[in-house]
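Shown here: protein02.cif, mmCIF, C-alpha atoms.
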```
data_target
loop_
_atom_site.group_PDB
_atom_site.id
_atom_site.type_symbol
_atom_site.label_atom_id
_atom_site.label_comp_id
_atom_site.auth_asym_id
_atom_site.auth_seq_id
_atom_site.Cartn_x
_atom_site.Cartn_y
_atom_site.Cartn_z
ATOM 1 C CA MET A 1 60.386 92.375 85.610
ATOM 2 C CA THR A 2 59.181 91.950 82.031
ATOM 3 C CA ASP A 3 55.892 93.337 80.717
ATOM 4 C CA ILE A 4 54.313 89.903 80.740
ATOM 5 C CA ASP A 5 55.478 89.261 84.316
ATOM 6 C CA LEU A 6 53.936 92.572 85.355
ATOM 7 C CA LEU A 7 50.698 91.703 83.589
ATOM 8 C CA LEU A 8 50.497 88.242 85.141
ATOM 9 C CA ARG A 9 51.049 89.683 88.608
ATOM 10 C CA THR A 10 48.273 92.224 88.050
ATOM 11 C CA ILE A 11 45.911 89.564 86.692
ATOM 12 C CA ASN A 12 46.517 87.368 89.723
ATOM 13 C CA GLU A 13 45.924 90.295 92.091
ATOM 14 C CA ASP A 14 42.792 91.542 90.314
ATOM 15 C CA LEU A 15 41.137 88.390 89.041
ATOM 16 C CA GLY A 16 42.257 85.743 91.504
ATOM 17 C CA ASP A 17 42.626 82.082 90.672
ATOM 18 C CA SER A 18 41.208 81.114 87.287
ATOM 19 C CA SER A 19 39.081 78.405 88.912
ATOM 20 C CA SER A 20 36.935 81.199 90.376
ATOM 21 C CA TRP A 21 36.253 82.893 87.030
ATOM 22 C CA SER A 22 32.804 82.808 85.470
ATOM 23 C CA ALA A 23 32.466 80.638 82.395
ATOM 24 C CA PRO A 24 32.533 82.445 79.040
ATOM 25 C CA VAL A 25 29.194 83.117 77.383
ATOM 26 C CA GLU A 26 28.460 80.251 75.014
ATOM 27 C CA PHE A 27 25.506 79.040 72.943
ATOM 28 C CA ARG A 28 27.205 75.987 71.541
ATOM 29 C CA ASP A 29 24.209 74.533 69.725
ATOM 30 C CA SER A 30 22.386 77.688 68.595
ATOM 31 C CA LEU A 31 23.655 79.928 65.825
ATOM 32 C CA ALA A 32 20.485 81.947 66.368
ATOM 33 C CA LEU A 33 21.450 82.864 69.936
ATOM 34 C CA CYS A 34 25.078 83.480 68.943
ATOM 35 C CA ALA A 35 23.941 85.955 66.292
ATOM 36 C CA LEU A 36 21.507 87.743 68.589
ATOM 37 C CA ASN A 37 23.908 87.992 71.509
ATOM 38 C CA SER A 38 26.866 89.158 69.443
ATOM 39 C CA ALA A 39 24.823 91.811 67.634
ATOM 40 C CA TYR A 40 23.087 93.152 70.729
ATOM 41 C CA SER A 41 26.306 93.192 72.767
ATOM 42 C CA LEU A 42 27.896 95.651 70.328
ATOM 43 C CA ASN A 43 27.842 99.120 71.877
ATOM 44 C CA GLY A 44 25.179 97.883 74.255
ATOM 45 C CA SER A 45 24.813 96.700 77.803
ATOM 46 C CA SER A 46 25.081 93.126 78.989
ATOM 47 C CA ALA A 47 21.626 93.461 80.546
ATOM 48 C CA ALA A 48 20.077 94.473 77.222
ATOM 49 C CA ALA A 49 21.611 91.484 75.445
ATOM 50 C CA LYS A 50 20.378 89.137 78.196
ATOM 51 C CA ASN A 51 16.864 90.554 77.841
ATOM 52 C CA VAL A 52 16.942 89.963 74.094
ATOM 53 C CA ILE A 53 18.016 86.353 74.612
ATOM 54 C CA ALA A 54 15.298 85.807 77.222
ATOM 55 C CA ARG A 55 12.609 87.223 74.915
ATOM 56 C CA TYR A 56 13.734 85.070 72.021
ATOM 57 C CA ARG A 57 13.676 81.991 74.232
ATOM 58 C CA ALA A 58 10.133 82.879 75.320
ATOM 59 C CA PHE A 59 9.135 83.249 71.671
ATOM 60 C CA ARG A 60 10.948 80.099 70.508
ATOM 61 C CA PRO A 61 10.997 77.082 72.864
ATOM 62 C CA THR A 62 13.671 75.575 70.567
ATOM 63 C CA ALA A 63 15.907 78.638 70.851
ATOM 64 C CA ASP A 64 18.866 76.760 72.313
ATOM 65 C CA THR A 65 19.143 74.563 69.222
ATOM 66 C CA ASP A 66 17.916 77.038 66.586
ATOM 67 C CA SER A 67 19.980 77.376 63.423
ATOM 68 C CA GLY A 68 20.527 80.553 61.444
ATOM 69 C CA PRO A 69 17.632 79.768 59.071
ATOM 70 C CA ASP A 70 15.415 79.057 62.097
ATOM 71 C CA LEU A 71 16.012 82.599 63.333
ATOM 72 C CA MET A 72 15.331 84.006 59.889
ATOM 73 C CA LYS A 73 12.031 82.085 59.721
ATOM 74 C CA ALA A 74 11.141 83.392 63.182
ATOM 75 C CA MET A 75 11.715 86.942 61.960
ATOM 76 C CA ASP A 76 9.590 86.294 58.865
ATOM 77 C CA SER A 77 6.774 84.908 61.012
ATOM 78 C CA ALA A 78 6.803 88.112 63.083
ATOM 79 C CA GLY A 79 6.419 90.293 59.982
ATOM 80 C CA GLY A 80 10.105 90.731 59.133
ATOM 81 C CA PRO A 81 13.268 91.783 60.980
ATOM 82 C CA ALA A 82 12.026 95.267 61.910
ATOM 83 C CA ASP A 83 8.731 94.029 63.370
ATOM 84 C CA PHE A 84 10.642 91.243 65.111
ATOM 85 C CA ALA A 85 12.881 93.831 66.815
ATOM 86 C CA ILE A 86 9.936 95.970 67.874
ATOM 87 C CA ASN A 87 7.316 93.394 68.856
ATOM 88 C CA ILE A 88 9.281 90.319 69.922
ATOM 89 C CA LEU A 89 12.657 91.518 71.199
ATOM 90 C CA ARG A 90 11.331 94.943 72.234
ATOM 91 C CA ASN A 91 14.700 96.520 71.513
ATOM 92 C CA GLU A 92 15.036 99.099 68.757
ATOM 93 C CA ARG A 93 18.700 100.043 69.100
ATOM 94 C CA PRO A 94 20.165 100.439 65.611
ATOM 95 C CA LEU A 95 23.417 99.037 64.353
ATOM 96 C CA ALA A 96 26.490 101.265 64.550
ATOM 97 C CA ARG A 97 26.857 103.678 61.650
ATOM 98 C CA SER A 98 23.424 102.643 60.408
ATOM 99 C CA LYS A 99 19.761 103.433 60.920
ATOM 100 C CA ARG A 100 18.847 99.777 60.493
ATOM 101 C CA LEU A 101 17.621 97.784 63.445
ATOM 102 C CA ARG A 102 19.938 95.013 64.598
ATOM 103 C CA PRO A 103 17.789 92.093 63.421
ATOM 104 C CA GLU A 104 17.936 93.562 59.918
ATOM 105 C CA GLY A 105 21.714 93.205 59.994
ATOM 106 C CA ILE A 106 21.480 89.749 61.557
ATOM 107 C CA TYR A 107 19.058 88.591 58.852
ATOM 108 C CA GLU A 108 21.389 89.836 56.142
ATOM 109 C CA GLY A 109 24.414 88.211 57.768
ATOM 110 C CA LEU A 110 22.722 84.850 58.257
ATOM 111 C CA SER A 111 21.478 84.942 54.663
ATOM 112 C CA ARG A 112 25.014 85.468 53.420
ATOM 113 C CA LEU A 113 26.368 82.648 55.570
ATOM 114 C CA ALA A 114 23.701 80.285 54.249
ATOM 115 C CA ALA A 115 24.510 81.285 50.650
ATOM 116 C CA LEU A 116 28.200 80.354 50.870
ATOM 117 C CA ASP A 117 29.458 77.472 48.726
ATOM 118 C CA SER A 118 29.880 75.579 51.995
ATOM 119 C CA ALA A 119 26.724 76.827 53.709
ATOM 120 C CA VAL A 120 27.110 77.914 57.334
ATOM 121 C CA THR A 121 23.768 77.487 59.063
ATOM 122 C CA THR A 122 24.735 75.983 62.441
ATOM 123 C CA THR A 123 27.329 76.536 65.141
ATOM 124 C CA GLU A 124 29.002 73.286 64.098
ATOM 125 C CA HIS A 125 29.402 74.631 60.580
ATOM 126 C CA LEU A 126 30.782 77.870 62.008
ATOM 127 C CA ARG A 127 33.346 76.134 64.235
ATOM 128 C CA THR A 128 34.428 73.908 61.354
ATOM 129 C CA SER A 129 34.876 76.922 59.094
ATOM 130 C CA VAL A 130 37.088 78.641 61.666
ATOM 131 C CA ALA A 131 39.097 75.473 62.332
ATOM 132 C CA ASP A 132 39.657 74.985 58.597
ATOM 133 C CA GLY A 133 41.028 78.510 58.283
ATOM 134 C CA SER A 134 38.345 79.585 55.819
ATOM 135 C CA THR A 135 38.076 83.341 55.360
ATOM 136 C CA ALA A 136 34.847 83.269 53.350
ATOM 137 C CA THR A 137 32.639 82.987 56.426
ATOM 138 C CA LYS A 138 34.312 85.907 58.164
ATOM 139 C CA ARG A 139 34.115 88.057 55.011
ATOM 140 C CA ALA A 140 30.418 87.267 54.644
ATOM 141 C CA TRP A 141 29.636 88.342 58.225
ATOM 142 C CA LEU A 142 31.771 91.475 58.039
ATOM 143 C CA SER A 143 30.154 92.504 54.745
ATOM 144 C CA VAL A 144 27.085 93.572 56.728
ATOM 145 C CA LYS A 145 27.144 97.307 57.368
ATOM 146 C CA GLY A 146 27.453 97.852 61.116
ATOM 147 C CA PHE A 147 29.241 94.545 61.772
ATOM 148 C CA GLY A 148 32.911 95.134 62.532
ATOM 149 C CA PRO A 149 35.689 92.794 63.696
ATOM 150 C CA LEU A 150 34.323 92.639 67.243
ATOM 151 C CA ALA A 151 30.976 91.376 65.930
ATOM 152 C CA TRP A 152 32.772 88.495 64.238
ATOM 153 C CA SER A 153 34.970 87.748 67.246
ATOM 154 C CA TYR A 154 32.047 87.585 69.639
ATOM 155 C CA LEU A 155 29.962 85.513 67.223
ATOM 156 C CA ILE A 156 32.552 82.735 67.088
ATOM 157 C CA MET A 157 33.399 83.012 70.798
ATOM 158 C CA ASN A 158 29.711 82.485 71.565
ATOM 159 C CA ALA A 159 29.761 79.463 69.255
ATOM 160 C CA GLY A 160 32.559 77.847 71.252
ATOM 161 C CA VAL A 161 35.805 79.000 69.603
ATOM 162 C CA ALA A 162 37.880 79.205 72.782
ATOM 163 C CA THR A 163 41.032 80.587 71.140
ATOM 164 C CA GLU A 164 39.294 83.797 70.056
ATOM 165 C CA THR A 165 39.284 87.099 71.981
ATOM 166 C CA LYS A 166 37.275 90.313 71.668
ATOM 167 C CA PRO A 167 39.675 93.233 72.211
ATOM 168 C CA ASP A 168 37.081 95.869 73.009
ATOM 169 C CA VAL A 169 37.627 99.158 74.804
ATOM 170 C CA MET A 170 37.433 97.689 78.307
ATOM 171 C CA ILE A 171 39.988 94.956 77.558
ATOM 172 C CA GLN A 172 42.367 97.456 75.966
ATOM 173 C CA ARG A 173 41.958 99.824 78.904
ATOM 174 C CA TYR A 174 42.730 97.122 81.449
ATOM 175 C CA LEU A 175 45.846 95.899 79.651
ATOM 176 C CA ALA A 176 47.182 99.418 79.136
ATOM 177 C CA ARG A 177 46.758 100.153 82.838
ATOM 178 C CA ALA A 178 48.321 96.844 83.871
ATOM 179 C CA LEU A 179 51.324 97.466 81.633
ATOM 180 C CA GLY A 180 51.699 101.098 82.725
ATOM 181 C CA GLU A 181 51.007 102.498 79.270
ATOM 182 C CA LYS A 182 49.200 105.766 78.656
ATOM 183 C CA ASP A 183 47.543 104.811 75.381
ATOM 184 C CA LYS A 184 45.296 101.883 74.504
ATOM 185 C CA LEU A 185 47.165 98.950 73.017
ATOM 186 C CA GLY A 186 45.076 98.634 69.869
ATOM 187 C CA PRO A 187 43.209 95.501 68.758
ATOM 188 C CA GLU A 188 46.096 93.489 67.332
ATOM 189 C CA ARG A 189 48.504 94.030 70.201
ATOM 190 C CA THR A 190 45.677 93.374 72.643
ATOM 191 C CA ARG A 191 45.067 89.997 70.994
ATOM 192 C CA GLN A 192 48.762 89.149 71.144
ATOM 193 C CA VAL A 193 49.078 90.073 74.821
ATOM 194 C CA LEU A 194 45.914 88.163 75.756
ATOM 195 C CA GLN A 195 47.092 85.072 73.883
ATOM 196 C CA LEU A 196 50.489 85.170 75.560
ATOM 197 C CA ALA A 197 49.072 85.771 79.040
ATOM 198 C CA ALA A 198 46.501 83.001 78.594
ATOM 199 C CA ALA A 199 49.238 80.559 77.565
ATOM 200 C CA LYS A 200 51.287 81.456 80.643
ATOM 201 C CA LEU A 201 48.230 80.981 82.862
ATOM 202 C CA SER A 202 47.194 77.756 81.091
ATOM 203 C CA VAL A 203 43.698 79.094 80.424
ATOM 204 C CA GLU A 204 41.645 79.625 77.288
ATOM 205 C CA PRO A 205 42.149 83.077 75.736
ATOM 206 C CA ARG A 206 38.361 83.436 75.648
ATOM 207 C CA ALA A 207 38.187 82.760 79.402
ATOM 208 C CA LEU A 208 40.804 85.401 80.212
ATOM 209 C CA ASP A 209 39.029 87.880 77.947
ATOM 210 C CA ARG A 210 35.773 87.245 79.813
ATOM 211 C CA ALA A 211 37.366 87.550 83.261
ATOM 212 C CA ILE A 212 38.978 90.891 82.399
ATOM 213 C CA TRP A 213 35.758 92.187 80.830
ATOM 214 C CA GLN A 214 33.783 91.322 83.932
ATOM 215 C CA TYR A 215 36.372 92.983 86.172
ATOM 216 C CA GLU A 216 36.229 96.173 84.115
ATOM 217 C CA SER A 217 32.477 96.149 83.577
ATOM 218 C CA PRO A 218 30.654 99.020 85.301
ATOM 219 C CA SER A 219 27.793 96.620 85.996
ATOM 220 C CA LYS A 220 29.916 94.104 87.917
#
```
Rewrite the coordinates I just gave you, this time as structure tokens.
Amino acid sequence: MTDIDLLLRTINEDLGDSSSWSAPVEFRDSLALCALNSAYSLNGSSAAAKNVIARYRAFRPTADTDSGPDLMKAMDSAGGPADFAINILRNERPLARSKRLRPEGIYEGLSRLAALDSAVTTTEHLRTSVADGSTATKRAWLSVKGFGPLAWSYLIMNAGVATETKPDVMIQRYLARALGEKDKLGPERTRQVLQLAAAKLSVEPRALDRAIWQYESPSK
């Protein structure tokens, strides 16, 4: 039995038929919600990210269609990103390797996306940029201190890029266990294995990523 055969057998045993899987998290028409969810999901709980989204929706009735600049204006109206984090989102967790609050990083990232030669201010712009193979958008987002590769991956997954995966610790742990390996696979190999397994299962890589994450999640 090959490694991929072993993995597929384990996936079928653990996750069941793909028709029973929960849909991936997606905010197809709101770059604002994509940015908030991706940033607050980093080194944070799913519940905390959901609370942030709920509070933003309560603050902004148009949240589900808000662009990046709309979110920036909302932060400005609340007194700036820091006050927005404290008074509106009521979540003061800082970005990784930084003392800045997460909306401060989001504001910076959205500003840089909007300043690109081909401005990225909506999820449609973001999906088009990814489809065109542009690297400028990714570089702009990753230039924010505290935003690593997973922040970018989850941003575009939330925007509807179904071919993307987010090889975080839980995904790596699951695959290593399924393949009988002692060490984590590492981000690049994790992506490769997920892509291959998804193709064999005829599912979106993003959907398989989500199903594994939910299976491994301590809050499931």
Checklist line | Test item: the PyMOL selection byres ((chain A and resi 82) around 12) resolved as a PyMOL selection string | finding: chain A and resi 72+74-81+83-94+99-107
Item checked: Which residue of A:Ala35, A:Leu194, A:Leu201, A:Val52 approaches A:Pro167 most closely, using all atoms listed in the file -> A:Leu194
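Here atom CA of A:Leu185 and atom CA of A:Lys145 stand 25.5 Å from one another.
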Check: Which residues match the PyMOL selection byres ((chain A and resi 213) around 10) in the file above, as a list in words?
Finding: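 On the file shown, the PyMOL selection byres ((chain A and resi 213) around 10) covers Lys166, Pro167, Asp168, Val169, Met170, Ile171, Gln172, Tyr174, Ala207, Leu208, Asp209, Arg210, Ala211, Ile212, Gln214, Tyr215, Glu216, Ser217, Pro218 and Lys220 of chain A.
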Item checked: the PyMOL selection byres ((chain A and resi 121-130) around 8) applied to the shown file, residues as a VMD selection string -> chain A and resid 28 to 31 67 to 69 110 113 to 114 119 to 120 131 to 135 137 156 159 to 161
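When all atoms listed in the file are used to compute distances to A:Glu13, the closest of the residues A:Val203, A:Ala178, A:Val193, A:Leu155 turns out to be A:Ala178.
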Notebook entry, point to check: Please, what distance in Å, to one decimal, runs between atom CA of A:Lys184 and atom CA of A:Val144?
Noted result: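 Going from atom CA of A:Lys184 over to atom CA of A:Val144, I get 26.8 Å.
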Next item on the list: Please write as a list in words the list of polymer residues whose atoms come within 10 Å of (31.2, 87.8, 55.5), counting all atoms listed in the file and keeping to the coordinates of the file.
Entry: Gly109, Leu110, Arg112, Leu113, Leu116, Thr135, Ala136, Thr137, Lys138, Arg139, Ala140, Trp141, Leu142, Ser143, Val144, Phe147 and Trp152 of chain A
Check: Smallest atom-to-atom distance to A:Leu6: which of A:Lys73, A:Arg57, A:Arg97, A:Arg177, using all atoms listed in the file?
Finding: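 Answer, going by the shortest atom-to-atom distance: A:Arg177.
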Check: At what distance in Å, to one decimal, does atom CA of A:Ser45 lie from atom CA of A:Ser18?
Finding: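 Distance between the two atoms: 24.5 Å.
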Assuming 5 Å of padding per side, give the centre and edge lengths of the axis-aligned box around every listed atom of stretch 17-33 of chain A, in Å to one decimal and as AutoDock Vina command-line options.
```
--center_x 31.6 --center_y 78.8 --center_z 78.2 --size_x 32.1 --size_y 18.6 --size_z 34.8
```
Check: In terms of the shortest atom-to-atom distance over all atoms listed in the file, which of A:Ala63, A:Leu196, A:Leu15, A:Cys34 is closest to A:Thr163?
Finding: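 For A:Thr163, the nearest of the given residues is A:Leu196.
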Note to self: Under the rule that all atoms listed in the file are counted, which of A:Arg173, A:Pro24, A:Leu36, A:Thr65 is the nearest residue to A:Asn51?
What the structure shows: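 With all atoms listed in the file as the atom set, the closest residue is A:Leu36.
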Margin query: Under the rule that all atoms listed in the file are counted, which of A:Gly44, A:Met157, A:Glu164, A:Ala54 is the nearest residue to A:Thr190?
Written below: A:Glu164
